[in-house]
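J.: Please read through the structure below; I'll follow up with questions.
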Amino acid sequence: MVAQVIAVEPFDLVVFGATGDLAIRKLIPALYHRDADGQIPAEARIVGTSRRHLSDAAFRQSAQDAIVAHVSKADQDDAKIAKFLARLSYVAVNATGDEGWHDLADHLRGSDRILVFYLSTGPDLFVPICEKLGEVGLADRARVVVEKPIGKSLDSARAVNDAIGRHFPESRVYRIDHYLGKETVQNLMALRFANSLFEPLWNAAHIDHVQITVAETLGVEGRAGYYDTAGALRDMVQNHILQLLCLVAMEPPPSLAADAVRDEKLKVLQALKPLTTETVRTHSVRGQYRAGASATGPVPGYLEELGNPDSTTETFVALRADIANWRWAGVPFYLRTGKRLPTRVSEIVVNFRPIPHSVFDKSAGMIRSNRLVIRLQPDEGVKLYLMIKDPGPGGMRLRRVPLDMSFAETFAVRNPDAYERLIMDVVRGNQTLFMRRDEVEAAWTWVEPVLQYWGDTDEVPRSYTAGTWGPTAAVTLLARDGRTWQEEAG
Ligand code: BG6
């Protein structure tokens, strides 16, 4: 089954940091896929920039290498690669100096195509680049795309947003949270709002609690420099996990118009019960992995990987969040994420309340609560666990089994990367899947007391062995409430 592809309008896309990690691993492969599927019109241009002096040919070569390394063999087509590379050109620009800006302006002059600047650079360059774009007159009608992290705290996020806002109105700012571009994350909206089944049950009367897990098996790889200044709370919770929480908890928006959805997400963030010093202590757990084992064999601990024995940066965090509104009062949302956990899995588990009264006798076995598992990655799918009679003789014995929908089995199509969707949405001018300024700031407001407490205390993160599910305190966090993490479906 081949989905119908509608071409976007012609555009000029300028990628700052065009030879960096994100561009090579994600942006170039995503653009190649969209081009290969016929979504990018013939006139569209992709312009790479960075401080390095490169010829067009050298930039094309690095893009070709990126495609060979990061696009599956089955999708590498020589003619399509050649057509894609022909769109590419390169201009050397010094983000913090004067060199190259006029060359870039000349390069783009005379075009009335949609103009997009993608800042695939370190966050310290967002402000200088926006200022330069303003100075040379390139900001006037352009859209700007920025990646997380936007700031390191509420104040610094405000400062970055103010600086971007001086040159680009909010309607032309696209803050990427790549989780929002994942097919299965968008599917959350389909599941909730294209089915009448769940909405009547989607509240505190029927839902006991929700778990959101984003587990990774990898360590910090080559990113220790960045990661050590961020930690799991800033890297994953402030953005990806809170965005997932918003999509689960928000009220149905009147439409999928960007602000309709973003207004509802914002209300959830604003309804998060503020954490106090006391609740940070009881509702949060931070961990740091020590040497252990991953699927591929023994792995060093975080401090060894970093080469700094004193770092207190967390590589694991578990939190209990409460949403103070009518729909969710009394329904905890347990959030956890970490590096070097036993498996790579991102999933949302919605646990329904127990039945009010059992008509079965003891021999039927335990009646377990219904559970909806939305598996975001890998093995994308949705499972709804129901109690069913065990088949055969022997009386009424009950068992919980899943209604199981696997994306791979149901749709025989490639699962596009989040960036494919998101870059095309920027060109289409659709901001629904991008974070608005107030959302980013509301998310910082909620995590700030945790950062503050961790910064002020002498306590260090609890250690956990690489390849396990984090510190035991994360188990206690739920056990105190009489609950357990669902590591294995069932
Ligand atoms: C990024 C984080 O935003 O998301 C990384 O900075 C993390 O630390 C990554 O590994 C996870 O993304 P994905 O798409 O692999 O789940």
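Residue names in the structure tokens use chain letters A, B, ... in the order shown, residue numbers from 1 in each chain, and ligand numbers from 1 in the order shown.
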What does the list of residues within 9 Å of ligand 1 look like if you count only C-alpha atoms and all ligand atoms, written as an NGL selection string?
T.: :A and (147-149 or 177-179 or 182 or 214-216 or 218-220 or 223 or 226-227 or 231-232 or 234-236 or 239-240 or 339 or 344-346 or 376-377 or 417-418)
J.: Can you tell me, as a PDB file with N, CA, C and O atoms, in the first residue's frame, what residues are no more than 8 Å from range 40-49 of chain A when counting only C-alpha atoms, ignoring any on the same chain fewer than 3 positions away?
T.:
```
ATOM      1  N   ALA A   7       2.790  17.039  -3.209  1.00  0.00           N
ATOM      2  CA  ALA A   7       4.014  17.854  -3.220  1.00  0.00           C
ATOM      3  C   ALA A   7       3.785  19.154  -2.449  1.00  0.00           C
ATOM      4  O   ALA A   7       2.683  19.697  -2.426  1.00  0.00           O
ATOM      5  N   VAL A   8       4.829  19.628  -1.798  1.00  0.00           N
ATOM      6  CA  VAL A   8       4.753  20.910  -1.100  1.00  0.00           C
ATOM      7  C   VAL A   8       5.106  22.031  -2.088  1.00  0.00           C
ATOM      8  O   VAL A   8       5.516  21.776  -3.216  1.00  0.00           O
ATOM      9  N   GLU A   9       4.954  23.263  -1.639  1.00  0.00           N
ATOM     10  CA  GLU A   9       5.316  24.428  -2.475  1.00  0.00           C
ATOM     11  C   GLU A   9       6.838  24.505  -2.602  1.00  0.00           C
ATOM     12  O   GLU A   9       7.557  24.048  -1.694  1.00  0.00           O
ATOM     13  N   PRO A  10       7.332  25.125  -3.655  1.00  0.00           N
ATOM     14  CA  PRO A  10       8.792  25.281  -3.779  1.00  0.00           C
ATOM     15  C   PRO A  10       9.372  26.055  -2.581  1.00  0.00           C
ATOM     16  O   PRO A  10       8.718  26.968  -2.061  1.00  0.00           O
ATOM     17  N   PHE A  11      10.560  25.659  -2.156  1.00  0.00           N
ATOM     18  CA  PHE A  11      11.166  26.308  -0.982  1.00  0.00           C
ATOM     19  C   PHE A  11      12.676  26.370  -1.111  1.00  0.00           C
ATOM     20  O   PHE A  11      13.279  25.617  -1.894  1.00  0.00           O
ATOM     21  N   ASP A  12      13.255  27.278  -0.330  1.00  0.00           N
ATOM     22  CA  ASP A  12      14.698  27.280  -0.094  1.00  0.00           C
ATOM     23  C   ASP A  12      14.884  26.938   1.376  1.00  0.00           C
ATOM     24  O   ASP A  12      14.379  27.650   2.250  1.00  0.00           O
ATOM     25  N   LEU A  13      15.589  25.860   1.648  1.00  0.00           N
ATOM     26  CA  LEU A  13      15.836  25.462   3.035  1.00  0.00           C
ATOM     27  C   LEU A  13      17.319  25.622   3.313  1.00  0.00           C
ATOM     28  O   LEU A  13      18.151  25.015   2.647  1.00  0.00           O
ATOM     29  N   VAL A  14      17.638  26.476   4.285  1.00  0.00           N
ATOM     30  CA  VAL A  14      19.038  26.695   4.632  1.00  0.00           C
ATOM     31  C   VAL A  14      19.310  25.980   5.950  1.00  0.00           C
ATOM     32  O   VAL A  14      18.646  26.242   6.957  1.00  0.00           O
ATOM     33  N   VAL A  15      20.255  25.059   5.928  1.00  0.00           N
ATOM     34  CA  VAL A  15      20.568  24.298   7.138  1.00  0.00           C
ATOM     35  C   VAL A  15      21.876  24.823   7.726  1.00  0.00           C
ATOM     36  O   VAL A  15      22.942  24.672   7.130  1.00  0.00           O
ATOM     37  N   PHE A  16      21.774  25.452   8.898  1.00  0.00           N
ATOM     38  CA  PHE A  16      22.989  25.845   9.626  1.00  0.00           C
ATOM     39  C   PHE A  16      23.506  24.609  10.371  1.00  0.00           C
ATOM     40  O   PHE A  16      22.719  23.879  10.967  1.00  0.00           O
ATOM     41  N   GLY A  17      24.789  24.399  10.340  1.00  0.00           N
ATOM     42  CA  GLY A  17      25.337  23.179  10.963  1.00  0.00           C
ATOM     43  C   GLY A  17      25.131  21.994  10.043  1.00  0.00           C
ATOM     44  O   GLY A  17      24.842  20.874  10.483  1.00  0.00           O
ATOM     45  N   ALA A  18      25.304  22.236   8.737  1.00  0.00           N
ATOM     46  CA  ALA A  18      24.905  21.240   7.739  1.00  0.00           C
ATOM     47  C   ALA A  18      25.794  20.009   7.687  1.00  0.00           C
ATOM     48  O   ALA A  18      25.435  19.019   7.048  1.00  0.00           O
ATOM     49  N   THR A  19      26.949  20.064   8.350  1.00  0.00           N
ATOM     50  CA  THR A  19      27.782  18.856   8.356  1.00  0.00           C
ATOM     51  C   THR A  19      27.832  18.265   9.769  1.00  0.00           C
ATOM     52  O   THR A  19      28.621  17.372  10.049  1.00  0.00           O
ATOM     53  N   ARG A  34      11.882  12.306   1.447  1.00  0.00           N
ATOM     54  CA  ARG A  34      10.751  13.109   0.949  1.00  0.00           C
ATOM     55  C   ARG A  34      10.911  13.391  -0.539  1.00  0.00           C
ATOM     56  O   ARG A  34       9.952  13.415  -1.292  1.00  0.00           O
ATOM     57  N   ASP A  35      12.151  13.613  -0.937  1.00  0.00           N
ATOM     58  CA  ASP A  35      12.418  13.869  -2.348  1.00  0.00           C
ATOM     59  C   ASP A  35      12.158  12.597  -3.159  1.00  0.00           C
ATOM     60  O   ASP A  35      11.479  12.617  -4.192  1.00  0.00           O
ATOM     61  N   PHE A  59      30.194  19.272  -0.207  1.00  0.00           N
ATOM     62  CA  PHE A  59      28.978  19.167   0.610  1.00  0.00           C
ATOM     63  C   PHE A  59      28.083  18.040   0.071  1.00  0.00           C
ATOM     64  O   PHE A  59      27.525  17.243   0.838  1.00  0.00           O
ATOM     65  N   ARG A  87      20.143  19.301  -5.880  1.00  0.00           N
ATOM     66  CA  ARG A  87      19.467  20.447  -5.237  1.00  0.00           C
ATOM     67  C   ARG A  87      20.368  21.139  -4.222  1.00  0.00           C
ATOM     68  O   ARG A  87      20.012  22.165  -3.668  1.00  0.00           O
ATOM     69  N   LEU A  88      21.456  20.469  -3.882  1.00  0.00           N
ATOM     70  CA  LEU A  88      22.258  20.931  -2.752  1.00  0.00           C
ATOM     71  C   LEU A  88      23.314  21.950  -3.171  1.00  0.00           C
ATOM     72  O   LEU A  88      23.936  21.808  -4.220  1.00  0.00           O
ATOM     73  N   SER A  89      23.489  22.962  -2.365  1.00  0.00           N
ATOM     74  CA  SER A  89      24.605  23.887  -2.568  1.00  0.00           C
ATOM     75  C   SER A  89      25.108  24.276  -1.179  1.00  0.00           C
ATOM     76  O   SER A  89      24.493  23.920  -0.165  1.00  0.00           O
ATOM     77  N   TYR A  90      26.208  25.007  -1.157  1.00  0.00           N
ATOM     78  CA  TYR A  90      26.841  25.272   0.138  1.00  0.00           C
ATOM     79  C   TYR A  90      27.405  26.686   0.183  1.00  0.00           C
ATOM     80  O   TYR A  90      27.974  27.169  -0.803  1.00  0.00           O
ATOM     81  N   VAL A  91      27.219  27.350   1.313  1.00  0.00           N
ATOM     82  CA  VAL A  91      27.810  28.676   1.526  1.00  0.00           C
ATOM     83  C   VAL A  91      28.450  28.670   2.920  1.00  0.00           C
ATOM     84  O   VAL A  91      27.776  28.309   3.898  1.00  0.00           O
ATOM     85  N   ALA A  92      29.723  29.041   3.000  1.00  0.00           N
ATOM     86  CA  ALA A  92      30.372  29.085   4.321  1.00  0.00           C
ATOM     87  C   ALA A  92      29.930  30.353   5.050  1.00  0.00           C
ATOM     88  O   ALA A  92      29.989  31.456   4.488  1.00  0.00           O
ATOM     89  N   VAL A  93      29.449  30.184   6.284  1.00  0.00           N
ATOM     90  CA  VAL A  93      28.971  31.334   7.061  1.00  0.00           C
ATOM     91  C   VAL A  93      29.490  31.191   8.491  1.00  0.00           C
ATOM     92  O   VAL A  93      29.387  30.115   9.081  1.00  0.00           O
TER      93      VAL A  93
END
```
J.: Quick one, how far is CA of Val146 in chain A from CA of Tyr118 in chain A?
T.: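 Interatomic distance, CA of Val146 in chain A to CA of Tyr118 in chain A: 6.5 Å.
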J.: Which of range 181-373 of chain A end up as helix (DSSP H, G or I) when DSSP is run on this backbone - answer as a ChimeraX atom specification?
T.: /A:181,183-193,199-201,221-230,232-249,258-271,277-283,302-306,362-364
J.: Which residues are near range 206-211 of chain A? Cut-off 6 Å, only C-alpha atoms, ignore same chain within fewer than 2 positions. Put them as a list in words.
T.: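 What passes the distance filter is Leu201, Asn203, Ala204, Val331, Pro332, Phe333, Tyr334, Leu335, Ile348, Val349, Val350, Asn351, Phe352 and Arg353 of chain A.
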J.: For Gln243 in chain A, please output as number ranges by chain all residues within 10 Å (counting only C-alpha atoms; exclusion window: fewer than 6 positions along the same chain).
T.: A: 177, 179-180, 185, 236-237, 249, 265-266, 268-269, 435, 439-440, 443
J.: Considering only C-alpha atoms, state which residue in the set A:Arg368, A:Leu85, A:Glu487, A:Leu433 is at the smallest distance from Val261 in chain A.
T.: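 Selected residue with least distance to Val261 in chain A: A:Leu433.
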J.: Please provide as a list in words all residues within 12 Å of Gly225 in chain A, with the sequence filter that same-chain residues fewer than 3 positions apart are discarded (counting only C-alpha atoms).
T.: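 The filter keeps Gly122, Val220, Glu221, Gly222, Asp228, Thr229, Ala230, Gly231, Glu305, Leu306, Gly307, Asn308, Ser311 and Thr313 of chain A.
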J.: Nearest to Asp37 in chain A: which of A:Met396, A:Glu420, A:Thr217, A:Leu256 is it, counting only C-alpha atoms?
T.: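 Of all the options, A:Glu420 lies closest to Asp37 in chain A.
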J.: Which of range 173-260 of chain A end up as strand (DSSP E) when DSSP is run on this backbone - answer as a list in words?
T.: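 Written out, the strand (DSSP E) residues of range 173-260 of chain A are Val173, Tyr174, Arg175, Ile176, Ile207, Asp208, His209, Val210, Gln211, Ile212, Thr213, Val214 and Ala215 of chain A.
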J.: Please dump the current selection as a short mmCIF file (atom, residue, chain, number, x, y, z; two decimals), in the first residue's frame; keep C-alpha atoms.
T.:
```cif
data_model
loop_
_atom_site.label_atom_id
_atom_site.label_comp_id
_atom_site.auth_asym_id
_atom_site.auth_seq_id
_atom_site.Cartn_x
_atom_site.Cartn_y
_atom_site.Cartn_z
CA VAL A 173 9.05 30.04 14.80
CA TYR A 174 9.11 26.23 14.68
CA ARG A 175 10.43 24.66 17.90
CA ILE A 176 11.07 21.03 17.21
CA ILE A 207 -8.37 5.46 35.01
CA ASP A 208 -6.25 4.50 38.00
CA HIS A 209 -2.90 5.82 36.82
CA VAL A 210 -0.75 6.34 33.73
CA GLN A 211 2.88 5.34 33.18
CA ILE A 212 5.11 6.91 30.57
CA THR A 213 8.46 5.22 29.98
CA VAL A 214 11.17 6.25 27.54
CA ALA A 215 13.98 3.76 28.06
#
```
J.: I want to know what sits within 10 Å of Pro300 in chain A, based on only C-alpha atoms, with residues of the same chain fewer than 2 positions away left out; could you give that as a list of chain:residue names?
T.: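 Residues near the query, excluding close chain neighbours: A:Gly219, A:Tyr289, A:Arg290, A:Ala291, A:Gly292, A:Ala293, A:Ser294, A:Pro298, A:Tyr302, A:Leu303, A:Glu304, A:Glu305, A:Leu306, A:Thr465, A:Ala466.
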J.: Go through A:Lys383, A:Thr472, A:Asp263, A:Phe434 and flag the residue nearest Val317 in chain A, using only C-alpha atoms for the distances.
T.: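 Looking only at the distances to Val317 in chain A, the closest residue turns out to be A:Thr472.
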J.: Using Å and a single decimal, report how far CA of Arg414 in chain A sits from CA of Ala23 in chain A.
T.: 20.9 Å
J.: For range 61-68 of chain A, list every protein, DNA or RNA residue within 10 Å, evaluated using only C-alpha atoms, and leave out those in the same chain fewer than 5 positions away; present the list as a VMD selection string.
T.: chain A and resid 18 to 19 21 23 to 33 48 55 to 56 73 75 to 76 81 to 82 84 to 85 88
J.: Could you jot down the CA of Asn430 in chain A to CA of Arg262 in chain A separation for me, Å, one decimal place?
T.: 12.1 Å
